[in-house]
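Taking it in order: structure first as structure tokens, then the write-up.
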Amino acid sequence: MLLLAAAFLVAFVLLLYMVSPLISPKPLALPGAHVVVTGGSSGIGKCIAIECYKQGAFITLVARNEDKLLQAKKEIEKHSINDKQVVLCISVDVSQDYNQVENVIKQAQEKLGPVDMLVNCAGMSVSGKFEDLEVSTFERLISINYLGSVYPSRAVITTMKERRVGRIVFVSSQAGQLGLFGFTAYSASKFAIKGLAEALQMEVKPYNVYITVAYPPDTDTPGFAEENRTKPLETRLISETTSVCKPEQVAKQIVKDAIVVTMGLFRTIALFYLGSFDSIVRRCMMQREKSEIANKTA
Amino acid sequence: MLLLAAAFLVAFVLLLYMVSPLISPKPLALPGAHVVVTGGSSGIGKCIAIECYKQGAFITLVARNEDKLLQAKKEIEKHSINDKQVVLCISVDVSQDYNQVENVIKQAQEKLGPVDMLVNCAGMSVSGKFEDLEVSTFERLISINYLGSVYPSRAVITTMKERRVGRIVFVSSQAGQLGLFGFTAYSASKFAIKGLAEALQMEVKPYNVYITVAYPPDTDTPGFAEENRTKPLETRLISETTSVCKPEQVAKQIVKDAIQGNFNSSIGSDGYMLSALTCGMAPVTSITEGLQQVVTMGLFRTIALFYLGSFDSIVRRCMMQREKSEIANKTA
């Protein structure tokens, strides 16, 4: 009796596996596709641009610094697979003003056609204790990481819905999945992206537009080096639970997931991790207080 | 043999239940406590102020409009339980400038002593399709709902850490646990609060400061009426899966959880399920909470997938109906 139920369960699961591709989104064909990458002049963004270019896409790189853009363009063009491919560079601050961003997208579409895939990779990271972070840091991070993803997405969404095809990638972070010591401002901005993406996906799904939210771990980029400058000890110790990734590896996975589309146990494991993080924070606090007392009595 | 193992398991769980209060935070005593409520002149904020006042707290109401503040003060004072209680009103826009907010907190602390509990309830809600929302709406919502919670919290945190006692409440929303059609700007701002709170809790836990994030459902307030003004049909249909709550009920639950130091505050059975499902890597305040999450997650995720399927079909149906009527209009 139990065996029969088990057999039915296995057959059902196998059936689901077979049906799954039928209801999954049709993969986006990169050759000839127009891919816009914000924050594309360095770090993960540049690697994503390279990965798409290698697969035949036409790239529009968007970033603030013109020199870095040109350098990135040269590097990307080394990976061309045919003569027609183009890398277009446009310099703008995607978080400053929506109208500027809308113009940039218009320019890019005039040159390379409608945008098939938008990758929102423009972002920055600052870590520090809540009361030590400058107030302007909270404002800057939410502006660049969140609004700087809203504006380009809003500029491309109507055309994608009309054409009934599109991909929008948001690069969040593992810190956008859990809030860690030292990341009050950063986690908030990366969580915001997740909320935006979930709501947006529900709006655009019947239009064959698919949203991908990427959650990279610590990745070896200039942005990460910047984050490390002011990183508190507790954050460093907690981060040692994961290893630093290479941006090429992260980019490969993100592009794969963008193209295409085991819990109670995990929550248990998660609770143990949380417990260890809390004890790291407590230990550092007690050590700091001991040294303060020692300094006072000395 | 199996019976023995089951007996051990039951005994173990019972032991956890008994031990649980020993490791949970000591409840905050409201009588005589100084509670600051931003957005306290209306809606959920005002009800939270009333609820705390009824339990003996001294209230500082923070909002923009002075008339609404005075009206709220009169209403709250009806619920006093002794002669000493005070309701202080300070008018400021908590999202405008951090220095203004810091000043307001200083003023309040000069009059009523250090802040024991801060309730970040200042917020607004606008719903609409992503491309229909004004760009300024994205900026306004993130400014008021997120930065307007950062500034007051930053103004009180150092004192709370020094005194080794404090509560900070953030009022997020169920839309801060799942992104729904029509809530791109709003959900983003409410998700941001969750990220802020999780990170902040990890920083302040050894200092006996506890963060509570509340996730109210649709609640019958002026803010909700405002949200309904531009609400798309799809959002209205999807929202019909949950019922509208009374703000007094929401406030009662939030205050209870804040006193207890519970990180998660949810209302109703829908709220319970959503919170267990979306807890992610959020901390737990009691062992039993953790156990419940571990046991229920698979089931709740299964139920959630069915909900998501029904939301998607609502969106698809509305889209097809809209297109049919557009075609009908063209040929007419």
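Residue names in the structure tokens use chain letters A, B, ... in the order shown, residue numbers from 1 in each chain, and ligand numbers from 1 in the order shown.
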Give me every strand (DSSP E or B) residue in region 44-112 of chain A, going by DSSP on the backbone, as a count of residues only.
-> 11
Could you list the residues in chain A lying within 8 Å of chain B, using only C-alpha atoms, and format the result as a ChimeraX atom specification?
-> /A:98,129-131,135,138-139,147,151,154,157-158,176-185,187-200,202-203,205-206,263-265,267-268,270-271,274,277-278,281-282,285
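With only C-alpha atoms as the basis for measurement, A:Cys52 is the residue among A:Cys52, A:Met1, A:Ser41, A:Ile59 that approaches Lys252 (chain A) most closely.
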Could you find all residues in region 47-129 of chain B that DSSP calls helix (DSSP H, G or I) from the backbone, and write them as a PyMOL selection string?
-> chain B and resi 47-54+66-77+98-112
Could you take the residues named above and write them with C-alpha atoms, as a PDB file, in the first residue's frame?
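And here is the file that came out, part.pdb:
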```
ATOM      1  CA  CYS B  47      -3.747  53.458  17.041  1.00  0.00           C
ATOM      2  CA  ILE B  48      -0.298  52.313  18.161  1.00  0.00           C
ATOM      3  CA  ALA B  49       0.075  55.513  20.181  1.00  0.00           C
ATOM      4  CA  ILE B  50      -3.320  54.942  21.780  1.00  0.00           C
ATOM      5  CA  GLU B  51      -2.452  51.337  22.586  1.00  0.00           C
ATOM      6  CA  CYS B  52       0.822  52.325  24.273  1.00  0.00           C
ATOM      7  CA  TYR B  53      -0.826  55.215  26.096  1.00  0.00           C
ATOM      8  CA  LYS B  54      -3.517  52.884  27.459  1.00  0.00           C
ATOM      9  CA  GLU B  66       0.179  70.352  13.146  1.00  0.00           C
ATOM     10  CA  ASP B  67      -3.624  70.340  13.095  1.00  0.00           C
ATOM     11  CA  LYS B  68      -3.814  66.574  12.636  1.00  0.00           C
ATOM     12  CA  LEU B  69      -1.247  66.204  15.427  1.00  0.00           C
ATOM     13  CA  LEU B  70      -3.341  68.240  17.873  1.00  0.00           C
ATOM     14  CA  GLN B  71      -6.482  66.347  16.953  1.00  0.00           C
ATOM     15  CA  ALA B  72      -4.719  63.038  17.468  1.00  0.00           C
ATOM     16  CA  LYS B  73      -3.314  64.242  20.794  1.00  0.00           C
ATOM     17  CA  LYS B  74      -6.816  65.056  22.026  1.00  0.00           C
ATOM     18  CA  GLU B  75      -8.028  61.633  20.976  1.00  0.00           C
ATOM     19  CA  ILE B  76      -5.138  59.800  22.615  1.00  0.00           C
ATOM     20  CA  GLU B  77      -5.424  61.728  25.886  1.00  0.00           C
ATOM     21  CA  TYR B  98      18.399  63.956   8.999  1.00  0.00           C
ATOM     22  CA  ASN B  99      19.495  66.942  11.087  1.00  0.00           C
ATOM     23  CA  GLN B 100      15.892  68.072  11.539  1.00  0.00           C
ATOM     24  CA  VAL B 101      14.944  64.600  12.713  1.00  0.00           C
ATOM     25  CA  GLU B 102      17.910  64.458  15.093  1.00  0.00           C
ATOM     26  CA  ASN B 103      16.752  67.779  16.571  1.00  0.00           C
ATOM     27  CA  VAL B 104      13.231  66.515  17.029  1.00  0.00           C
ATOM     28  CA  ILE B 105      14.477  63.471  18.929  1.00  0.00           C
ATOM     29  CA  LYS B 106      16.675  65.726  21.086  1.00  0.00           C
ATOM     30  CA  GLN B 107      13.707  67.919  21.913  1.00  0.00           C
ATOM     31  CA  ALA B 108      11.587  64.933  22.781  1.00  0.00           C
ATOM     32  CA  GLN B 109      14.288  63.455  24.993  1.00  0.00           C
ATOM     33  CA  GLU B 110      14.757  66.757  26.831  1.00  0.00           C
ATOM     34  CA  LYS B 111      11.072  66.765  27.717  1.00  0.00           C
ATOM     35  CA  LEU B 112      10.288  63.077  28.247  1.00  0.00           C
TER      36      LEU B 112
END
```
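Atom pair CA of Val10 (chain B) / CA of Leu2 (chain A) has a distance of 25.2 Å (rounded to one decimal).
If only C-alpha atoms are the atoms counted, then among A:Asp218, A:Asp67, A:Glu289, A:Glu134 the closest residue to Pro247 (chain A) is A:Asp218.
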